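final_34.cif (mmCIF, C-alpha atoms)
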```cif
data_final
#
loop_
_atom_site.label_atom_id
_atom_site.label_comp_id
_atom_site.auth_asym_id
_atom_site.auth_seq_id
_atom_site.Cartn_x
_atom_site.Cartn_y
_atom_site.Cartn_z
CA MET A 295 0.00 0.00 0.00
CA ASP A 296 1.13 3.56 -0.62
CA VAL A 297 3.01 4.75 2.47
CA GLN A 298 1.16 8.06 2.77
CA LEU A 299 -2.18 6.36 2.40
CA LYS A 300 -1.30 3.82 5.05
CA ARG A 301 -0.18 6.52 7.46
CA GLY A 302 -3.51 8.30 7.29
CA VAL A 303 -5.50 5.15 7.83
CA ILE A 304 -3.50 3.26 10.44
CA GLU A 305 -3.83 5.94 13.11
CA ILE A 306 -7.64 5.87 12.97
CA CYS A 307 -7.52 2.08 12.90
CA VAL A 308 -5.60 2.08 16.19
CA LEU A 309 -8.03 4.62 17.61
CA SER A 310 -11.08 2.54 16.75
CA ALA A 311 -9.49 -0.54 18.36
CA MET A 312 -9.90 1.34 21.67
CA LEU A 313 -13.64 1.97 21.29
CA GLU A 314 -14.68 -1.35 22.79
CA GLN A 315 -12.65 -0.94 25.99
CA PRO A 316 -9.38 0.57 27.21
CA THR A 317 -6.51 -1.46 25.76
CA TYR A 318 -2.82 -1.96 26.34
CA GLY A 319 -0.04 -1.93 23.73
CA TYR A 320 0.27 -5.60 22.86
CA GLU A 321 -3.49 -5.98 22.69
CA LEU A 322 -3.63 -3.15 20.14
CA ILE A 323 -1.05 -4.94 18.02
CA LYS A 324 -3.10 -8.14 18.16
CA LYS A 325 -6.38 -6.36 17.33
CA VAL A 326 -5.05 -4.29 14.41
CA SER A 327 -2.63 -6.78 12.79
CA PRO A 328 -5.33 -8.84 11.00
CA VAL A 329 -6.57 -5.68 9.31
CA ILE A 330 -3.36 -3.83 8.53
CA GLU A 331 0.31 -4.59 9.02
CA ILE A 332 1.60 -2.88 12.16
CA SER A 333 4.81 -3.28 14.15
CA GLU A 334 5.68 -2.09 17.64
CA SER A 335 7.94 0.60 16.24
CA THR A 336 5.10 1.87 14.03
CA LEU A 337 2.59 1.84 16.88
CA TYR A 338 4.75 3.76 19.33
CA PRO A 339 4.80 7.15 17.53
CA ILE A 340 1.10 6.72 16.66
CA LEU A 341 0.21 6.35 20.33
CA ARG A 342 2.35 9.36 21.25
CA ARG A 343 0.71 11.46 18.52
CA LEU A 344 -2.78 10.41 19.54
CA GLU A 345 -2.06 11.25 23.16
CA SER A 346 -0.50 14.65 22.43
CA GLY A 347 -3.43 15.40 20.10
CA GLY A 348 -5.89 14.76 22.91
CA PHE A 349 -7.59 11.83 21.16
CA VAL A 350 -6.30 9.31 23.70
CA SER A 351 -5.58 9.37 27.41
CA VAL A 352 -3.14 7.03 29.12
CA LYS A 353 -3.29 5.43 32.53
CA THR A 354 -0.75 3.18 34.15
CA ALA A 355 -2.20 0.31 36.15
CA GLU A 356 -0.75 -2.62 38.04
CA HIS A 357 -1.04 -6.02 36.39
CA ASN A 358 0.45 -9.21 37.75
CA GLY A 359 3.06 -7.40 39.78
CA ARG A 360 4.21 -5.13 36.99
CA LEU A 361 3.05 -1.86 35.46
CA ARG A 362 1.06 -1.66 32.25
CA LYS A 363 -0.09 1.35 30.24
CA TYR A 364 -3.77 1.43 29.25
CA TYR A 365 -5.03 3.65 26.44
CA PHE A 366 -8.53 5.24 26.59
CA ILE A 367 -10.22 6.97 23.69
CA THR A 368 -11.48 10.49 24.47
CA PRO A 369 -14.59 12.25 23.10
CA GLU A 370 -12.23 14.15 20.76
CA GLY A 371 -10.92 10.77 19.61
CA LYS A 372 -14.44 9.59 18.75
CA GLU A 373 -15.08 12.83 16.89
CA ARG A 374 -11.87 12.23 14.94
CA ILE A 375 -13.17 8.81 13.84
CA ARG A 376 -16.45 10.36 12.73
CA GLU A 377 -14.55 12.96 10.65
CA PHE A 378 -12.42 10.25 9.08
CA LEU A 379 -15.44 8.20 8.02
CA SER A 380 -17.11 11.29 6.58
CA ASP A 381 -13.96 12.14 4.57
CA TRP A 382 -13.87 8.61 3.26
CA GLU A 383 -17.48 8.72 2.07
CA ASP A 384 -16.37 11.51 -0.24
CA ILE A 385 -13.31 9.57 -1.30
CA LEU A 386 -15.44 6.52 -2.07
CA SER A 387 -17.67 8.47 -4.44
CA ILE A 388 -14.57 9.86 -6.14
CA CYS A 389 -13.36 6.26 -6.38
CA GLU A 390 -16.60 5.31 -8.13
CA PHE A 391 -15.92 8.00 -10.72
CA ILE A 392 -12.36 6.78 -11.22
CA THR A 393 -13.47 3.15 -11.46
CA GLU A 394 -16.11 4.02 -14.06
CA LYS A 395 -13.66 5.85 -16.25
CA TYR A 396 -11.08 3.12 -15.86
CA GLN A 397 -13.53 0.32 -16.74
CA ASP A 398 -14.76 2.24 -19.78
CA ASP A 399 -11.21 2.57 -20.96
CA ARG A 400 -10.56 -1.16 -20.55
CA LYS A 401 -13.70 -1.98 -22.56
CA ARG A 402 -12.53 0.07 -25.55
CA ILE A 403 -10.99 -1.99 -28.33
CA PRO A 404 -7.21 -1.80 -27.85
CA MET B 115 18.71 -12.72 23.13
CA THR B 116 17.24 -12.29 26.59
CA GLU B 117 14.95 -9.49 27.59
CA LYS B 118 17.76 -7.85 29.55
CA GLU B 119 20.14 -8.05 26.57
CA TYR B 120 17.55 -6.60 24.19
CA LEU B 121 16.72 -3.67 26.45
CA LYS B 122 20.40 -3.06 27.16
CA LYS B 123 21.20 -2.96 23.44
CA LEU B 124 18.24 -0.69 22.87
CA LYS B 125 19.30 1.70 25.61
CA GLU B 126 22.84 1.87 24.21
CA ASN B 127 21.48 3.01 20.86
CA LEU B 128 19.14 5.60 22.31
CA SER B 129 21.83 7.91 23.62
CA LEU B 130 20.63 10.72 21.36
CA LEU B 131 17.27 10.90 23.09
CA LYS B 132 16.33 13.01 26.07
CA ARG B 133 16.26 11.00 29.26
CA GLU B 134 12.48 10.94 29.57
CA ASP B 135 12.05 9.91 25.91
CA CYS B 136 14.61 7.14 26.32
CA ALA B 137 12.88 5.88 29.46
CA ALA B 138 9.48 5.93 27.71
CA VAL B 139 10.76 3.85 24.79
CA LEU B 140 12.42 1.31 27.08
CA GLU B 141 9.28 1.04 29.21
CA TYR B 142 7.18 0.46 26.07
CA TYR B 143 9.35 -2.36 24.76
CA LYS B 144 9.73 -3.95 28.18
CA GLU B 145 5.95 -4.10 28.33
CA MET B 146 5.75 -5.56 24.80
CA ILE B 147 8.19 -8.34 25.70
CA GLU B 148 6.57 -9.14 29.06
CA ASP B 149 3.04 -9.21 27.64
CA ARG B 150 4.19 -11.78 25.10
CA ILE B 151 5.82 -13.89 27.82
CA GLU B 152 2.59 -13.72 29.80
CA GLY B 153 0.79 -14.95 26.69
CA GLY B 154 2.88 -18.13 26.83
CA LYS B 155 5.99 -17.33 24.76
CA THR B 156 9.54 -17.81 25.94
CA GLU B 157 11.85 -14.86 26.44
CA GLU B 158 13.73 -15.71 23.23
CA GLN B 159 10.51 -16.03 21.22
CA ALA B 160 9.13 -12.77 22.55
CA VAL B 161 12.31 -10.86 21.71
CA SER B 162 12.56 -12.45 18.25
CA GLU B 163 9.11 -11.11 17.35
CA LEU B 164 10.34 -7.57 17.79
CA GLU B 165 12.50 -5.66 15.35
CA LEU B 166 16.22 -5.50 16.05
CA PRO B 167 17.06 -3.03 18.83
CA GLU B 168 19.29 -1.08 16.43
CA GLN B 169 16.42 -0.59 13.99
CA VAL B 170 13.99 0.32 16.74
CA ALA B 171 16.45 2.84 18.15
CA LYS B 172 17.08 4.33 14.71
CA LYS B 173 13.37 5.00 14.18
CA ALA B 174 12.99 6.46 17.67
CA VAL B 175 15.97 8.74 17.26
CA GLU B 176 14.70 9.92 13.89
CA GLU B 177 11.38 10.91 15.43
CA TYR B 178 12.43 12.20 18.82
CA GLY B 179 16.18 12.61 18.72
CA VAL B 180 17.92 15.88 19.44
CA LYS B 181 18.34 17.25 15.94
CA GLN B 182 22.00 17.47 15.04
CA THR B 183 22.49 20.44 12.77
CA ALA B 184 25.38 20.00 10.39
CA LYS B 185 28.19 20.89 12.75
CA ARG B 186 30.50 21.44 9.84
CA GLN B 187 28.49 24.40 8.69
CA LYS B 188 28.95 26.24 11.96
CA PRO B 189 32.60 27.17 12.31
CA ASN B 190 33.30 26.90 15.97
CA GLY B 191 35.94 28.90 17.81
CA GLY B 192 38.48 26.11 17.64
CA VAL B 193 38.40 25.90 13.87
CA ILE B 194 38.70 29.64 13.47
CA ALA B 195 41.64 29.73 15.87
CA LEU B 196 43.35 26.95 13.92
CA LEU B 197 42.81 28.79 10.66
CA ILE B 198 44.39 31.95 12.08
CA ILE B 199 47.32 30.11 13.62
CA GLY B 200 47.89 28.11 10.49
CA SER B 201 47.47 31.09 8.20
CA PRO B 202 51.20 31.61 7.61
CA LEU B 203 51.18 28.12 6.12
CA TRP B 204 48.01 27.98 4.07
CA LEU B 205 48.12 31.66 3.19
CA ALA B 206 51.68 31.27 1.92
CA LEU B 207 50.66 28.20 -0.08
CA VAL B 208 47.71 30.02 -1.63
CA ILE B 209 49.91 33.00 -2.55
CA ALA B 210 52.53 30.65 -3.98
CA ALA B 211 49.91 28.93 -6.08
CA PHE B 212 48.70 32.21 -7.49
CA ALA B 213 52.28 33.35 -8.08
CA ILE B 214 53.01 30.18 -10.04
CA ALA B 215 49.86 30.62 -12.08
CA PHE B 216 50.82 34.22 -12.85
CA ALA B 217 54.35 33.19 -13.76
CA VAL B 218 53.04 30.55 -16.14
CA VAL B 219 50.74 33.04 -17.81
CA ALA B 220 53.55 35.59 -18.06
CA ALA B 221 55.91 33.00 -19.50
CA VAL B 222 53.40 31.87 -22.06
CA ALA B 223 52.57 35.45 -22.93
CA GLY B 224 56.26 36.16 -23.28
CA VAL B 225 56.79 33.22 -25.58
CA LEU B 226 53.75 34.18 -27.62
CA THR B 227 54.93 37.76 -27.94
CA ALA B 228 58.36 36.57 -28.99
CA ALA B 229 56.82 34.24 -31.52
CA VAL B 230 54.63 36.98 -32.93
CA ALA B 231 57.57 39.35 -33.09
CA ALA B 232 59.72 36.74 -34.81
CA VAL B 233 57.02 35.98 -37.34
CA LEU B 234 56.48 39.66 -38.08
CA ALA B 235 60.19 40.20 -38.37
CA ILE B 236 60.61 37.33 -40.79
CA THR B 237 57.65 38.37 -42.87
CA LEU B 238 58.52 42.04 -43.02
CA GLY B 239 62.20 41.33 -43.37
CA GLY B 240 61.42 38.92 -46.12
CA ALA B 241 59.22 41.44 -47.90
CA VAL B 242 61.89 44.14 -47.61
CA SER B 243 64.52 41.76 -48.88
CA PHE B 244 62.36 40.88 -51.81
CA GLY B 245 61.86 44.55 -52.61
CA CYS B 246 65.56 45.36 -52.30
CA GLY B 247 66.50 42.33 -54.31
CA ALA B 248 64.15 43.34 -57.07
CA VAL B 249 65.71 46.81 -57.21
CA LEU B 250 69.26 45.47 -57.01
CA ALA B 251 68.55 43.05 -59.84
CA PHE B 252 68.56 45.93 -62.21
CA GLY B 253 72.21 46.57 -61.37
CA ASN B 254 73.43 43.14 -60.26
CA LEU B 255 71.07 40.48 -61.56
CA PRO B 256 72.41 37.30 -59.85
CA PHE B 257 72.77 38.93 -56.42
CA GLY B 258 69.50 40.73 -56.76
CA LEU B 259 67.69 37.56 -57.73
CA ILE B 260 69.20 35.61 -54.82
CA MET B 261 68.18 38.31 -52.38
CA ALA B 262 64.68 38.51 -53.78
CA GLY B 263 64.41 34.73 -53.68
CA PHE B 264 65.42 34.45 -50.05
CA GLY B 265 63.20 37.38 -49.17
CA ALA B 266 60.19 35.75 -50.79
CA ALA B 267 60.90 32.44 -49.04
CA ALA B 268 61.24 34.20 -45.67
CA ALA B 269 58.04 36.11 -46.22
CA ALA B 270 56.23 32.90 -47.15
CA CYS B 271 57.53 31.17 -44.00
CA GLY B 272 56.44 34.13 -41.95
CA VAL B 273 52.92 33.98 -43.34
CA LEU B 274 52.68 30.22 -42.69
CA ALA B 275 53.92 30.71 -39.12
CA CYS B 276 51.38 33.47 -38.66
CA VAL B 277 48.53 31.19 -39.74
CA GLY B 278 49.81 28.51 -37.36
CA LEU B 279 49.94 30.96 -34.47
CA VAL B 280 46.42 32.19 -35.11
CA LYS B 281 45.14 28.62 -34.97
CA ALA B 282 47.17 27.75 -31.86
CA LEU B 283 46.19 30.82 -29.85
CA PRO B 284 42.64 29.69 -28.83
CA ILE B 285 43.96 26.31 -27.69
CA VAL B 286 46.62 27.97 -25.54
CA VAL B 287 44.01 30.28 -23.97
CA ILE B 288 41.73 27.33 -23.13
CA LYS B 289 44.61 25.41 -21.55
CA ILE B 290 45.50 28.37 -19.33
CA LYS B 291 41.85 28.77 -18.26
CA GLY B 292 41.74 25.06 -17.39
CA LEU B 293 44.83 25.45 -15.24
CA PHE B 294 43.22 28.29 -13.31
CA LYS B 295 40.04 26.28 -12.74
CA ARG B 296 42.03 23.39 -11.33
CA ILE B 297 43.85 25.69 -8.95
CA LYS B 298 40.56 27.25 -7.81
CA SER B 299 38.89 23.91 -7.06
CA ALA B 300 41.97 22.63 -5.24
CA ALA B 301 41.98 25.72 -3.02
CA ALA B 302 38.26 25.38 -2.36
CA ALA B 303 38.68 21.71 -1.42
CA GLN B 304 41.38 22.67 1.07
CA LYS B 305 39.10 25.22 2.73
CA VAL B 306 36.20 22.74 3.03
CA LYS B 307 38.48 20.17 4.66
CA GLN B 308 39.50 22.68 7.28
#
```

Written as structure tokens, how would this file's structure read?
Amino acid sequence: MDVQLKRGVIEICVLSAMLEQPTYGYELIKKVSPVIEISESTLYPILRRLESGGFVSVKTAEHNGRLRKYYFITPEGKERIREFLSDWEDILSICEFITEKYQDDRKRIP
Amino acid sequence: MTEKEYLKKLKENLSLLKREDCAAVLEYYKEMIEDRIEGGKTEEQAVSELELPEQVAKKAVEEYGVKQTAKRQKPNGGVIALLIIGSPLWLALVIAAFAIAFAVVAAVAGVLTAAVAAVLAITLGGAVSFGCGAVLAFGNLPFGLIMAGFGAAAAACGVLACVGLVKALPIVVIKIKGLFKRIKSAAAAQKVKQ
């Protein structure tokens, strides 16, 4: 996938993985991996960006005698997802246009 | 690699990060390894699923590292001091280089001038000889003819040499220009090194 395209999408993907319940790092990797390729080193800056943007809040909690960071989505985070989906509705209709033109071209006798 | 080894390697490569950023990265990866172990993997398995600590560190430094501006562009006090102290040396060398270049140009110019003068002399001398010979022939035919003959030959040589010079001149000029360019780039390279 185009790198720029992936960048725009993967952040919102991570965000939506938190909607169900607050999650920790490894759980995010497990939830998102089936949908889009993501490594720990990719996730780290995403989480930092989301937190500094106010879309995510972080809490450290004790788990089995060690500390674990849990990520919560904020109302701003949910709004961000809504915006993303709205943008993509527009992109999808543009895609329809592109697909139509492309298919027409393929049908023409070469 | 054990968890300890991985985190140690990672920390070593994160020296360009601020302390709190370095700690945050280490904490994150420690958690990633330990969550995998909790999920049933061995320490070795958990670590092997991560990227190499060097790669991880490189990405982190790129994003959060203290930006190193090209130090070479900022001449610090030490470099300037060295340049001043060393100036008798490099300044003398630069002057010498220019002096040599000037000498070469002067020498070539001198040779060219001499050549031109010689050619003119031969041509004019030849023409004069021819004229005199022609006049003398009236009184002393053999001598006059010889003189005219030599004069004509000299004039012809002079003209040929003249044509040759005219053709050679542009080439000589280009070669001198090339020499100057080489000197300039050598001097510039010296300055950049310092």

query: What does the PyMOL selection byres ((chain A) within 10 of (chain B)) select in this file, as a ChimeraX atom specification?
result: /A:318-321,323,333-336,338-339,358,360-363

Exercise: region 372-379 of chain A partners within 10 Å, all atoms listed in the file, chain neighbours under 3 positions left out, as a PyMOL selection string: chain A and resi 302-303+305-307+309-310+312-313+349-350+367-369+382-385

task: For Lys123 (chain B), work out the shell of residues within 9 Å, counting all atoms listed in the file and skipping chain neighbours fewer than 5 positions away, then give it as a count of residues only.
output: 4

message: I'd like the contact shell of Phe216 (chain B) - 12 Å cut-off, only C-alpha atoms, skipping same-chain residues fewer than 4 positions apart - returned as a ChimeraX atom specification.
response: /B:209-212,220-224,290-291,293-294,297

message: Just to confirm, what's the straight-line distance from CA of Glu158 (chain B) to CA of Val326 (chain A) in Å (one decimal)?
response: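 Separation of CA of Glu158 (chain B) and CA of Val326 (chain A): 23.7 Å.
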
query: What does the distance from CA of Ile332 (chain A) to CA of Gln298 (chain A) come to in Å, to one decimal?
result: 14.4 Å

- prompt: Between B:Val286, B:Gly292, B:Val161, B:Glu134, which one has atoms that come closest to Leu121 (chain B), using all atoms listed in the file?
  reply: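 Closest candidate: B:Val161.
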
field: Output check: residues returned by the PyMOL selection byres ((chain B and resi 180) around 12), as a count of residues only
entry: 17

Where is the centre and how long are the edges: axis-aligned box on region 393-396 of chain A, 8 Å on each side, Å to one decimal, as AutoDock Vina command-line options:
```
--center_x -13.6 --center_y 4.5 --center_z -13.9 --size_x 21.0 --size_y 18.7 --size_z 20.8
```

For the point (60.4, 36.0, -47.8) in file coordinates, what residues are within 9 Å, counting only C-alpha atoms? Give the answer as an mmCIF file with C-alpha atoms, keeping the file's coordinate frame?
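out-v5.cif was written with the following content:
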```
data_model
loop_
_atom_site.group_PDB
_atom_site.id
_atom_site.type_symbol
_atom_site.label_atom_id
_atom_site.label_comp_id
_atom_site.auth_asym_id
_atom_site.auth_seq_id
_atom_site.Cartn_x
_atom_site.Cartn_y
_atom_site.Cartn_z
ATOM 1 C CA ILE B 236 60.610 37.330 -40.790
ATOM 2 C CA THR B 237 57.650 38.370 -42.870
ATOM 3 C CA LEU B 238 58.520 42.040 -43.020
ATOM 4 C CA GLY B 239 62.200 41.330 -43.370
ATOM 5 C CA GLY B 240 61.420 38.920 -46.120
ATOM 6 C CA ALA B 241 59.220 41.440 -47.900
ATOM 7 C CA VAL B 242 61.890 44.140 -47.610
ATOM 8 C CA SER B 243 64.520 41.760 -48.880
ATOM 9 C CA PHE B 244 62.360 40.880 -51.810
ATOM 10 C CA ALA B 262 64.680 38.510 -53.780
ATOM 11 C CA GLY B 263 64.410 34.730 -53.680
ATOM 12 C CA PHE B 264 65.420 34.450 -50.050
ATOM 13 C CA GLY B 265 63.200 37.380 -49.170
ATOM 14 C CA ALA B 266 60.190 35.750 -50.790
ATOM 15 C CA ALA B 267 60.900 32.440 -49.040
ATOM 16 C CA ALA B 268 61.240 34.200 -45.670
ATOM 17 C CA ALA B 269 58.040 36.110 -46.220
ATOM 18 C CA ALA B 270 56.230 32.900 -47.150
ATOM 19 C CA CYS B 271 57.530 31.170 -44.000
ATOM 20 C CA GLY B 272 56.440 34.130 -41.950
ATOM 21 C CA VAL B 273 52.920 33.980 -43.340
#
```

- prompt: Between CA of Phe366 (chain A) and CA of Ser351 (chain A), what is the distance, to one decimal in Å?
  reply: 5.1 Å

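Of the residues listed (B:Ile151, B:Leu274, B:Leu196, B:Ala137), B:Ile151 shows the shortest atom-to-atom separation from Thr116 (chain B); distances use all atoms listed in the file.
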